[in-house]
$ cat upload.txt   # compact mmCIF, C-alpha atoms and all ligand atoms
# COMPACT_ATOMS: atom_id res chain seq x y z
CA MET A 895 65.26 -38.80 -15.44
CA TRP A 896 61.57 -38.11 -16.04
CA LEU A 897 60.94 -41.75 -16.45
CA LEU A 898 62.61 -42.49 -13.17
CA LEU A 899 60.32 -39.99 -11.59
CA ILE A 900 57.32 -41.55 -13.21
CA THR A 901 58.39 -45.01 -12.18
CA ALA A 902 58.75 -43.75 -8.63
CA LEU A 903 55.26 -42.25 -8.82
CA LEU A 904 53.90 -45.55 -9.92
CA ALA A 905 55.70 -47.83 -7.54
CA PRO A 906 52.85 -48.10 -5.05
CA HIS A 907 50.37 -48.89 -7.81
CA LEU A 908 52.37 -51.85 -8.90
CA GLY A 909 52.87 -53.28 -5.44
CA SER A 910 51.81 -56.76 -4.48
CA ALA A 911 48.11 -57.23 -4.72
CA GLY A 912 47.67 -59.26 -1.58
CA ARG A 913 45.86 -62.52 -1.08
CA ASN A 914 42.34 -62.10 -2.23
CA MET A 915 39.86 -63.30 -4.73
CA TRP A 916 40.38 -60.26 -6.91
CA LEU A 917 43.92 -61.21 -7.71
CA ILE A 918 42.99 -61.87 -11.31
CA LYS A 919 41.53 -58.49 -11.81
CA GLU A 920 44.47 -56.87 -10.09
CA ARG A 921 46.82 -58.89 -12.26
CA VAL A 922 45.09 -57.90 -15.43
CA GLN A 923 45.32 -54.27 -14.46
CA ARG A 924 48.93 -54.68 -13.52
CA SER A 925 49.90 -56.45 -16.68
CA ARG A 926 48.19 -53.70 -18.65
CA GLU A 927 50.24 -51.13 -16.78
CA LEU A 928 53.46 -53.00 -17.32
CA ARG A 929 52.64 -53.10 -21.02
CA LEU A 930 52.05 -49.36 -20.99
CA GLU A 931 55.28 -48.78 -19.16
CA LYS A 932 57.17 -50.71 -21.80
CA HIS A 933 55.37 -48.83 -24.55
CA LEU A 934 56.27 -45.57 -22.84
CA TRP A 935 59.95 -46.48 -22.65
CA GLU A 936 60.03 -47.46 -26.27
CA ASN A 937 58.40 -44.25 -27.36
CA TRP A 938 60.75 -42.24 -25.27
CA LYS A 939 63.84 -44.02 -26.53
CA ALA A 940 62.68 -43.45 -30.10
CA LEU A 941 62.42 -39.70 -29.64
CA PRO A 942 65.21 -37.60 -31.12
CA ALA A 943 67.47 -36.10 -28.44
CA GLU A 944 65.86 -32.65 -28.68
CA GLY A 945 62.37 -34.15 -28.57
CA LYS A 946 63.01 -35.73 -25.21
CA GLY A 947 62.62 -32.30 -23.64
CA ASP A 948 58.96 -32.30 -24.70
CA TRP A 949 58.36 -34.97 -22.21
CA VAL A 950 56.39 -33.64 -19.32
CA VAL A 951 55.51 -35.05 -15.97
CA PRO A 952 51.74 -35.14 -15.90
CA LYS A 953 49.97 -32.90 -13.47
CA GLU A 954 47.90 -34.61 -10.81
CA GLY A 955 45.06 -32.60 -9.32
CA LEU A 956 42.01 -32.82 -7.11
CA PHE A 957 38.85 -30.81 -7.49
CA PRO A 958 35.65 -30.69 -5.45
CA GLN A 959 32.86 -32.72 -7.02
CA PRO A 960 29.25 -32.76 -5.76
CA LEU A 961 28.48 -36.04 -4.02
CA ASP A 962 24.99 -36.16 -5.42
CA HIS A 963 24.23 -34.49 -8.73
CA PHE A 964 20.56 -35.33 -8.50
CA ASN A 965 19.64 -34.05 -5.05
CA ARG A 966 20.06 -30.37 -4.26
CA ARG A 967 19.50 -31.01 -0.56
CA ASN A 968 22.79 -32.80 -0.40
CA ASN A 969 25.47 -30.17 -0.77
CA GLY A 970 28.37 -32.47 0.18
CA THR A 971 31.39 -32.90 -2.07
CA PHE A 972 34.34 -35.22 -2.45
CA GLN A 973 37.78 -34.58 -3.90
CA GLN A 974 38.05 -36.17 -7.31
CA ARG A 975 41.44 -36.93 -8.81
CA TYR A 976 42.45 -36.11 -12.35
CA TRP A 977 45.57 -36.03 -14.50
CA VAL A 978 46.61 -33.62 -17.22
CA ASN A 979 49.38 -33.85 -19.79
CA ALA A 980 49.58 -30.60 -21.74
CA GLY A 981 52.96 -31.37 -23.29
CA LEU A 982 51.63 -32.26 -26.72
CA TRP A 983 48.86 -29.72 -26.92
CA GLU A 984 48.43 -27.02 -29.52
CA GLN A 985 46.33 -24.54 -27.60
CA GLN A 986 44.53 -22.76 -30.42
CA ARG A 987 42.89 -25.69 -32.11
CA GLY A 988 44.20 -28.81 -30.47
CA PRO A 989 41.46 -31.18 -29.31
CA VAL A 990 40.99 -32.48 -25.78
CA PHE A 991 41.30 -36.23 -25.29
CA LEU A 992 39.52 -37.37 -22.18
CA PHE A 993 40.48 -40.76 -20.81
CA ILE A 994 37.76 -42.10 -18.53
CA GLY A 995 38.64 -44.00 -15.37
CA GLY A 996 36.86 -47.14 -14.22
CA GLU A 997 36.64 -49.62 -11.39
CA GLY A 998 40.13 -49.06 -10.00
CA ALA A 999 42.67 -46.39 -9.18
CA LEU A 1000 43.82 -44.32 -12.12
CA THR A 1001 47.54 -43.83 -12.70
CA PRO A 1002 49.59 -41.20 -14.55
CA TYR A 1003 49.75 -43.68 -17.44
CA SER A 1004 46.25 -42.59 -18.26
CA VAL A 1005 47.75 -39.48 -19.87
CA LEU A 1006 51.16 -40.87 -20.79
CA ALA A 1007 50.71 -44.04 -22.76
CA GLY A 1008 48.22 -45.88 -24.87
CA GLU A 1009 46.55 -45.43 -28.21
CA HIS A 1010 44.91 -42.19 -27.19
CA VAL A 1011 48.33 -40.76 -26.33
CA ASP A 1012 49.74 -41.85 -29.69
CA LEU A 1013 46.82 -40.10 -31.33
CA ALA A 1014 47.32 -37.05 -29.12
CA ARG A 1015 50.85 -36.74 -30.44
CA LYS A 1016 49.52 -36.74 -33.95
CA TYR A 1017 46.63 -34.33 -33.32
CA ARG A 1018 48.39 -32.12 -30.74
CA ALA A 1019 45.77 -32.87 -28.12
CA LEU A 1020 45.44 -31.91 -24.50
CA LEU A 1021 45.34 -35.15 -22.52
CA VAL A 1022 43.14 -35.30 -19.44
CA SER A 1023 41.84 -38.19 -17.37
CA LEU A 1024 39.37 -38.47 -14.54
CA GLU A 1025 39.35 -41.14 -11.87
CA HIS A 1026 35.93 -42.70 -11.33
CA ARG A 1027 34.10 -41.62 -8.19
CA TYR A 1028 34.51 -44.00 -5.23
CA TYR A 1029 37.65 -45.61 -6.63
CA GLY A 1030 41.32 -44.98 -6.00
CA ALA A 1031 41.95 -41.62 -4.36
CA SER A 1032 38.56 -40.19 -5.38
CA ILE A 1033 36.66 -41.19 -2.32
CA ASN A 1034 35.74 -39.73 1.03
CA PRO A 1035 37.01 -41.58 4.12
CA ASP A 1036 33.49 -42.77 4.96
CA GLY A 1037 32.47 -43.24 1.35
CA LEU A 1038 32.16 -47.00 1.33
CA SER A 1039 29.66 -47.33 4.16
CA ASP A 1040 26.35 -48.94 3.23
CA GLN A 1041 24.74 -45.53 3.38
CA ASN A 1042 27.28 -43.60 1.33
CA ILE A 1043 28.01 -46.15 -1.36
CA GLN A 1044 24.51 -45.52 -2.65
CA LEU A 1045 25.88 -42.50 -4.47
CA LEU A 1046 28.06 -44.74 -6.63
CA SER A 1047 26.52 -45.25 -10.05
CA SER A 1048 27.34 -44.82 -13.71
CA GLN A 1049 24.79 -42.01 -13.85
CA GLN A 1050 26.57 -40.04 -11.15
CA ALA A 1051 29.87 -40.85 -12.87
CA LEU A 1052 28.66 -39.36 -16.16
CA ALA A 1053 27.53 -36.24 -14.34
CA ASP A 1054 31.01 -36.08 -12.80
CA LEU A 1055 32.45 -36.06 -16.31
CA ALA A 1056 30.20 -33.14 -17.23
CA THR A 1057 31.40 -31.14 -14.21
CA PHE A 1058 34.97 -32.05 -15.01
CA HIS A 1059 34.50 -30.86 -18.58
CA GLU A 1060 33.49 -27.43 -17.27
CA PHE A 1061 36.35 -27.38 -14.76
CA ILE A 1062 38.99 -28.15 -17.40
CA LYS A 1063 37.42 -25.74 -19.83
CA GLN A 1064 37.95 -22.93 -17.35
CA GLN A 1065 41.38 -24.05 -16.17
CA TYR A 1066 42.74 -24.18 -19.71
CA ALA A 1067 40.65 -21.39 -21.23
CA LEU A 1068 39.23 -23.76 -23.82
CA THR A 1069 37.07 -22.54 -26.67
CA ARG A 1070 34.75 -24.18 -29.16
CA ASN A 1071 37.80 -24.80 -31.30
CA ASN A 1072 39.06 -27.35 -28.79
CA ARG A 1073 36.90 -30.35 -29.52
CA TRP A 1074 36.53 -33.10 -26.97
CA ILE A 1075 36.91 -36.77 -27.71
CA CYS A 1076 36.53 -39.34 -24.95
CA PHE A 1077 38.18 -42.74 -24.62
CA GLY A 1078 37.68 -45.76 -22.42
CA GLY A 1079 37.99 -49.53 -22.36
CA SER A 1080 35.76 -52.20 -20.80
CA TYR A 1081 33.42 -50.53 -18.25
CA PRO A 1082 34.92 -47.09 -19.00
CA GLY A 1083 34.37 -47.99 -22.66
CA SER A 1084 30.67 -48.06 -21.91
CA LEU A 1085 30.99 -44.79 -20.02
CA SER A 1086 32.73 -43.30 -23.03
CA ALA A 1087 29.85 -44.30 -25.32
CA TRP A 1088 27.29 -43.13 -22.77
CA PHE A 1089 28.99 -39.78 -22.21
CA ARG A 1090 28.60 -39.04 -25.89
CA LEU A 1091 25.05 -40.40 -25.77
CA LYS A 1092 23.90 -38.34 -22.79
CA PHE A 1093 26.06 -35.21 -23.26
CA PRO A 1094 26.44 -34.88 -27.03
CA HIS A 1095 26.98 -31.13 -26.72
CA LEU A 1096 30.06 -31.68 -24.54
CA VAL A 1097 31.88 -34.35 -26.46
CA PHE A 1098 32.30 -34.49 -30.22
CA ALA A 1099 33.03 -38.20 -30.49
CA ALA A 1100 33.69 -41.24 -28.33
CA VAL A 1101 35.95 -44.25 -28.61
CA ALA A 1102 34.64 -47.26 -26.70
CA SER A 1103 36.94 -50.27 -26.51
CA SER A 1104 35.52 -53.67 -25.58
CA ALA A 1105 32.56 -51.92 -24.05
CA PRO A 1106 29.87 -54.08 -22.43
CA VAL A 1107 27.10 -51.63 -23.30
CA ARG A 1108 24.39 -54.20 -22.72
CA ALA A 1109 23.97 -55.01 -19.06
CA GLN A 1110 23.20 -58.64 -18.45
CA LEU A 1111 22.84 -60.83 -15.44
CA ASP A 1112 24.72 -63.89 -16.60
CA PHE A 1113 27.97 -63.38 -18.44
CA THR A 1114 29.16 -66.96 -18.53
CA GLY A 1115 31.59 -67.67 -21.29
CA TYR A 1116 33.83 -64.68 -20.92
CA ASN A 1117 36.23 -66.29 -18.52
CA GLU A 1118 38.56 -67.84 -21.05
CA GLU A 1119 39.79 -64.64 -22.59
CA TYR A 1120 41.51 -63.60 -19.48
CA MET A 1121 42.97 -66.93 -18.71
CA ASP A 1122 45.30 -66.90 -21.68
CA GLY A 1123 48.87 -66.89 -20.58
CA MET A 1124 48.10 -65.86 -17.08
CA GLU A 1125 49.47 -67.64 -14.08
CA LEU A 1126 46.67 -67.93 -11.61
CA PRO A 1127 47.41 -67.78 -7.95
CA CYS A 1128 45.81 -70.06 -5.40
CA VAL A 1129 43.65 -68.03 -3.10
CA ASP A 1130 41.33 -68.49 -0.21
CA ASN A 1131 37.97 -68.20 -1.87
CA SER A 1132 35.76 -69.51 0.84
CA HIS A 1133 32.35 -67.97 0.89
CA ARG A 1134 33.05 -66.47 4.28
CA ASN A 1135 36.27 -64.92 3.08
CA VAL A 1136 34.53 -63.40 0.07
CA LEU A 1137 31.76 -61.87 2.17
CA GLU A 1138 34.30 -60.48 4.58
CA GLN A 1139 36.18 -58.75 1.80
CA LEU A 1140 33.07 -57.32 0.26
CA ARG A 1141 31.87 -55.98 3.57
CA SER A 1142 35.10 -54.20 4.33
CA THR A 1143 34.60 -50.45 4.04
CA GLU A 1144 38.29 -49.72 4.34
CA VAL A 1145 39.36 -47.19 1.73
CA LYS A 1146 42.30 -48.44 -0.29
CA PRO A 1147 43.79 -45.81 -2.61
CA PHE A 1148 45.39 -48.30 -5.03
CA GLY A 1149 44.21 -51.11 -7.21
CA VAL A 1150 40.76 -52.40 -7.96
CA GLY A 1151 37.76 -51.32 -5.85
CA VAL A 1152 36.34 -54.69 -4.97
CA ARG A 1153 33.40 -53.69 -2.80
CA GLN A 1154 32.53 -50.81 -5.07
CA TRP A 1155 32.52 -52.84 -8.24
CA TYR A 1156 30.42 -55.57 -6.69
CA TYR A 1157 27.97 -52.91 -5.60
CA GLN A 1158 27.73 -51.67 -9.19
CA THR A 1159 27.12 -55.16 -10.51
CA CYS A 1160 24.30 -55.60 -7.99
CA GLY A 1161 22.70 -52.25 -8.69
CA GLU A 1162 23.27 -51.71 -12.39
CA PHE A 1163 25.03 -54.30 -14.49
CA GLY A 1164 24.98 -57.91 -13.41
CA TYR A 1165 27.85 -59.27 -15.54
CA TYR A 1166 28.14 -62.31 -13.32
CA GLN A 1167 30.29 -65.08 -14.60
CA THR A 1168 29.17 -68.44 -13.43
CA CYS A 1169 30.99 -71.68 -13.31
CA GLU A 1170 28.43 -74.32 -13.90
CA ASP A 1171 30.14 -75.83 -16.92
CA LYS A 1172 32.90 -78.41 -16.65
CA GLY A 1173 35.72 -76.42 -18.20
CA CYS A 1174 35.45 -73.59 -15.80
CA PRO A 1175 38.59 -73.01 -13.78
CA PHE A 1176 36.79 -71.31 -10.94
CA SER A 1177 35.16 -72.50 -7.81
CA ARG A 1178 31.94 -74.42 -8.37
CA TRP A 1179 29.98 -72.47 -5.81
CA LEU A 1180 29.91 -69.64 -8.27
CA THR A 1181 26.39 -70.15 -9.42
CA LEU A 1182 24.43 -67.20 -10.67
CA ARG A 1183 22.16 -67.49 -7.70
CA SER A 1184 25.01 -67.46 -5.19
CA GLN A 1185 26.43 -64.32 -6.76
CA VAL A 1186 23.12 -62.54 -6.81
CA ASN A 1187 22.53 -63.60 -3.21
CA ILE A 1188 25.74 -61.83 -2.25
CA CYS A 1189 23.96 -58.60 -3.21
CA ALA A 1190 21.49 -59.24 -0.42
CA GLN A 1191 24.04 -60.51 2.07
CA VAL A 1192 26.42 -57.62 1.61
CA PHE A 1193 24.34 -54.67 0.44
CA GLY A 1194 20.79 -55.57 1.37
CA ILE A 1195 19.77 -55.46 -2.30
CA ASP A 1196 16.95 -57.88 -2.89
CA PRO A 1197 17.97 -60.56 -5.42
CA GLY A 1198 14.76 -59.92 -7.34
CA SER A 1199 15.67 -56.30 -7.89
CA VAL A 1200 19.08 -57.06 -9.39
CA GLN A 1201 17.42 -58.05 -12.68
CA ALA A 1202 15.26 -54.94 -12.49
CA GLY A 1203 18.41 -52.83 -12.13
CA VAL A 1204 19.97 -54.52 -15.14
CA ASN A 1205 16.81 -53.89 -17.15
CA PHE A 1206 16.74 -50.26 -16.14
CA THR A 1207 20.37 -49.79 -17.19
CA ASN A 1208 19.51 -51.10 -20.64
CA ASP A 1209 16.46 -48.87 -20.86
CA TYR A 1210 18.43 -45.87 -19.67
CA TYR A 1211 21.30 -46.22 -22.15
CA GLY A 1212 19.74 -48.16 -24.97
CA ALA A 1213 21.71 -51.39 -24.51
CA ASP A 1214 23.35 -52.38 -27.79
CA HIS A 1215 21.43 -49.81 -29.77
CA PRO A 1216 22.39 -46.52 -28.17
CA ALA A 1217 20.69 -43.75 -30.14
CA SER A 1218 23.75 -41.69 -30.74
CA SER A 1219 26.38 -40.90 -33.32
CA ARG A 1220 30.15 -40.68 -33.61
CA ILE A 1221 30.77 -43.53 -31.23
CA ILE A 1222 33.51 -45.83 -32.38
CA PHE A 1223 33.30 -49.29 -30.88
CA VAL A 1224 36.60 -51.08 -30.91
CA ASN A 1225 36.80 -54.78 -30.20
CA ASP A 1226 39.94 -56.88 -30.04
CA GLY A 1227 41.96 -53.77 -30.69
CA THR A 1228 41.28 -53.95 -34.41
CA THR A 1229 37.67 -53.79 -35.48
CA LEU A 1230 36.03 -50.42 -35.71
CA ARG A 1231 32.27 -50.57 -35.56
CA ASP A 1232 29.48 -48.20 -36.10
CA PRO A 1233 26.95 -48.38 -33.26
CA SER A 1234 24.24 -49.34 -35.69
CA GLU A 1235 26.13 -52.55 -36.33
CA VAL A 1236 26.59 -53.47 -32.74
CA THR A 1237 24.96 -56.70 -31.75
CA SER A 1238 24.82 -57.98 -28.25
CA GLN A 1239 27.47 -60.52 -29.13
CA GLU A 1240 29.89 -57.93 -30.36
CA SER A 1241 29.27 -55.56 -27.54
CA ALA A 1242 30.10 -58.26 -25.06
CA PRO A 1243 33.33 -57.35 -23.39
CA ARG A 1244 36.23 -59.24 -24.82
CA MET A 1245 37.89 -58.73 -21.54
CA TYR A 1246 35.37 -58.52 -18.86
CA VAL A 1247 37.17 -59.66 -15.82
CA ALA A 1248 36.51 -62.92 -14.17
CA ASN A 1249 35.50 -61.89 -10.72
CA LEU A 1250 36.89 -64.78 -8.85
CA ALA A 1251 40.21 -66.46 -8.75
CA ARG A 1252 40.94 -70.15 -8.99
CA VAL A 1253 40.79 -72.17 -5.85
CA CYS A 1254 43.49 -74.72 -5.10
CA PRO A 1255 43.02 -77.47 -4.35
CA PRO A 1256 39.61 -77.65 -6.07
CA ILE A 1257 36.61 -77.51 -3.84
CA HIS A 1258 34.44 -80.62 -3.97
C1 LIG B 1301 25.14 -27.28 3.28
O1 LIG B 1301 23.86 -27.45 3.84
C2 LIG B 1301 23.81 -27.25 5.25
C3 LIG B 1301 22.38 -27.50 5.70
O2 LIG B 1301 21.91 -28.71 5.22
C4 LIG B 1301 24.26 -25.83 5.60
O3 LIG B 1301 24.27 -25.68 7.00
C5 LIG B 1301 25.64 -25.56 5.02
O4 LIG B 1301 26.01 -24.22 5.23
C6 LIG B 1301 25.66 -25.88 3.53
N1 LIG B 1301 27.03 -25.73 3.04
C7 LIG B 1301 27.34 -25.04 1.98
C8 LIG B 1301 28.78 -25.02 1.59
O5 LIG B 1301 26.52 -24.47 1.31
C1 LIG B 1302 13.74 -57.68 -17.56
O1 LIG B 1302 13.66 -57.69 -18.96
C2 LIG B 1302 13.37 -58.96 -19.51
C3 LIG B 1302 13.50 -58.89 -21.02
O2 LIG B 1302 13.05 -57.69 -21.53
C4 LIG B 1302 11.99 -59.37 -19.05
O3 LIG B 1302 11.66 -60.64 -19.57
C5 LIG B 1302 11.96 -59.43 -17.52
O4 LIG B 1302 10.66 -59.71 -17.06
C6 LIG B 1302 12.44 -58.12 -16.93
N1 LIG B 1302 12.57 -58.33 -15.50
C7 LIG B 1302 12.33 -57.38 -14.61
C8 LIG B 1302 12.50 -57.76 -13.17
O5 LIG B 1302 11.99 -56.25 -14.90

$ encode --input "upload.txt" --output "structure tokens"
Amino acid sequence: MWLLLITALLAPHLGSAGRNMWLIKERVQRSRELRLEKHLWENWKALPAEGKGDWVVPKEGLFPQPLDHFNRRNNGTFQQRYWVNAGLWEQQRGPVFLFIGGEGALTPYSVLAGEHVDLARKYRALLVSLEHRYYGASINPDGLSDQNIQLLSSQQALADLATFHEFIKQQYALTRNNRWICFGGSYPGSLSAWFRLKFPHLVFAAVASSAPVRAQLDFTGYNEEYMDGMELPCVDNSHRNVLEQLRSTEVKPFGVGVRQWYYQTCGEFGYYQTCEDKGCPFSRWLTLRSQVNICAQVFGIDPGSVQAGVNFTNDYYGADHPASSRIIFVNDGTTLRDPSEVTSQESAPRMYVANLARVCPPIH
């Protein structure tokens, strides 16, 4: 019964992704969710009959978040979405597990399934998750305009997490006995590490899965990982079509935030995957230069300043040597690493998403 409800809640998230160049990314997200759904079912079926009552429908909420944490003259806010699952929590001493959202809409699975939920069962944790600003439902109607998208950054997102920490602390009357641990994978994996790095008094430890903590312009070589076992659709990847999609400021509450993520790559991270080698399954026009030029064509960000943004990100967070403690880097779902051992190779995202789908027939 609960599961039916949850499935109904999720139906729109799993809908068809539409014909666009981000199909791969959407598919990856979707296949991850389907995996979680299966995992959830299995867990539920394995529960003893009386335990099934413990199952709770997660609470979805919205709270007002400052639009700009670093400018007191801007007193605007947006409604940021979060999820809470208090069904496993032991209030006195149970920890808080914070699951950090990334470059797409967050779903109730963020507090229902996954390794952090398995751990929450063991440690009687309160499960909370926060959708990333400017993605999913956490975005003002005019938020994606050229003007307003400027308030999208990992730095603002970390400040959002700090505000959220305070909000949840008050809502659930948390004390110092309720220690916080944050979790995230891929880009949110970096956010997880950086939240611990920048707000060590708020979060006791961080788990960062496949986290690309070093920003870097050219990420060639990470395509293959995602290709495994995935049926790629044929899509219209003409340059014009791509620009049109990236310029669209339409707010879409589900799926991956295409325009937003591209904006973040231009301003902060790079992570461009080029296709100049023979084996690459993607369109050949995907040179590094063409991707960086899109930053100028769509957002008016000078190609020369993209590298400067990448450099600043590494200076700001410490790249693959973040000066912090109690950050667990997990790669390939198995290896636990101390940050002191992280090398740029290892911190490369196992799964960073290929930005662009295959073109059929191949472009000459
Ligand atoms: C926000 O600032 C404007 C002036 O810039 C002011 O008129 C308004 O009352 C402020 N709103 C709040 C909620 O403080
Ligand atoms: C970025 O950093 C690299 C390596 O530290 C350096 O060679 C390059 O000049 C920097 N570029 C900019 C635009 O700051």

$ closest_residue --input "upload.txt" --among "A:Val1150, A:Leu1140, A:Ala999, A:Leu1020" --to "Val922 in chain A" --atoms "all atoms listed in the file"
A:Val1150

$ residues_near_point --input "upload.txt" --point "(22.1, -63.4, -5.9)" --cutoff "10 Å" --atoms "only C-alpha atoms" --output "NGL selection string"
:A and (1111 or 1160 or 1164 or 1166 or 1181-1191 or 1195-1201)

$ atom_distance --input "upload.txt" --atom1 "CA of Ala1102 in chain A" --atom2 "CA of Phe1223 in chain A"
4.8 Å

$ atom_distance --input "upload.txt" --atom1 "CA of Ser1047 in chain A" --atom2 "CA of Gly1030 in chain A"
15.3 Å

$ residues_around --input "upload.txt" --residues "Ala1031 in chain A" --least-positions-apart "3" --cutoff "9 Å" --atoms "all atoms listed in the file" --output "PyMOL selection string"
chain A and resi 973-975+999-1000+1025+1027-1028+1034+1145-1148

$ closest_residue --input "upload.txt" --among "A:Thr1159, A:Asn969, A:Ser1080, A:Asn937" --to "Arg1015 in chain A" --atoms "all atoms listed in the file"
A:Asn937

$ axis_aligned_box --input "upload.txt" --around "ligand LIG 1301 (chain B)" --padding-each-side "3 Å" --output "AutoDock Vina command-line options"
--center_x 25.3 --center_y -26.5 --center_z 4.2 --size_x 12.9 --size_y 10.5 --size_z 11.7

$ atom_distance --input "upload.txt" --atom1 "CA of Ser1104 in chain A" --atom2 "CA of Ala1087 in chain A"
11.0 Å

$ closest_residue --input "upload.txt" --among "A:Arg1141, A:His1133, A:Arg1220, A:His1010" --to "Ala1099 in chain A" --atoms "all atoms listed in the file"
A:Arg1220

$ residues_near_ligand --input "upload.txt" --ligand "ligand LIG 1301 (chain B)" --cutoff "9 Å" --atoms "all atoms listed in the file" --output "list in words"
Arg967, Asn968, Asn969 and Gly970 of chain A

$ closest_residue --input "upload.txt" --among "A:Phe1206, A:Trp977, A:Tyr1066, A:Tyr1211" --to "ligand LIG 1302 (chain B)" --atoms "only C-alpha atoms and all ligand atoms"
A:Phe1206

$ closest_residue --input "upload.txt" --among "A:Phe1113, A:Leu1055, A:Val1107, A:Leu1137" --to "Asp1209 in chain A" --atoms "all atoms listed in the file"
A:Val1107
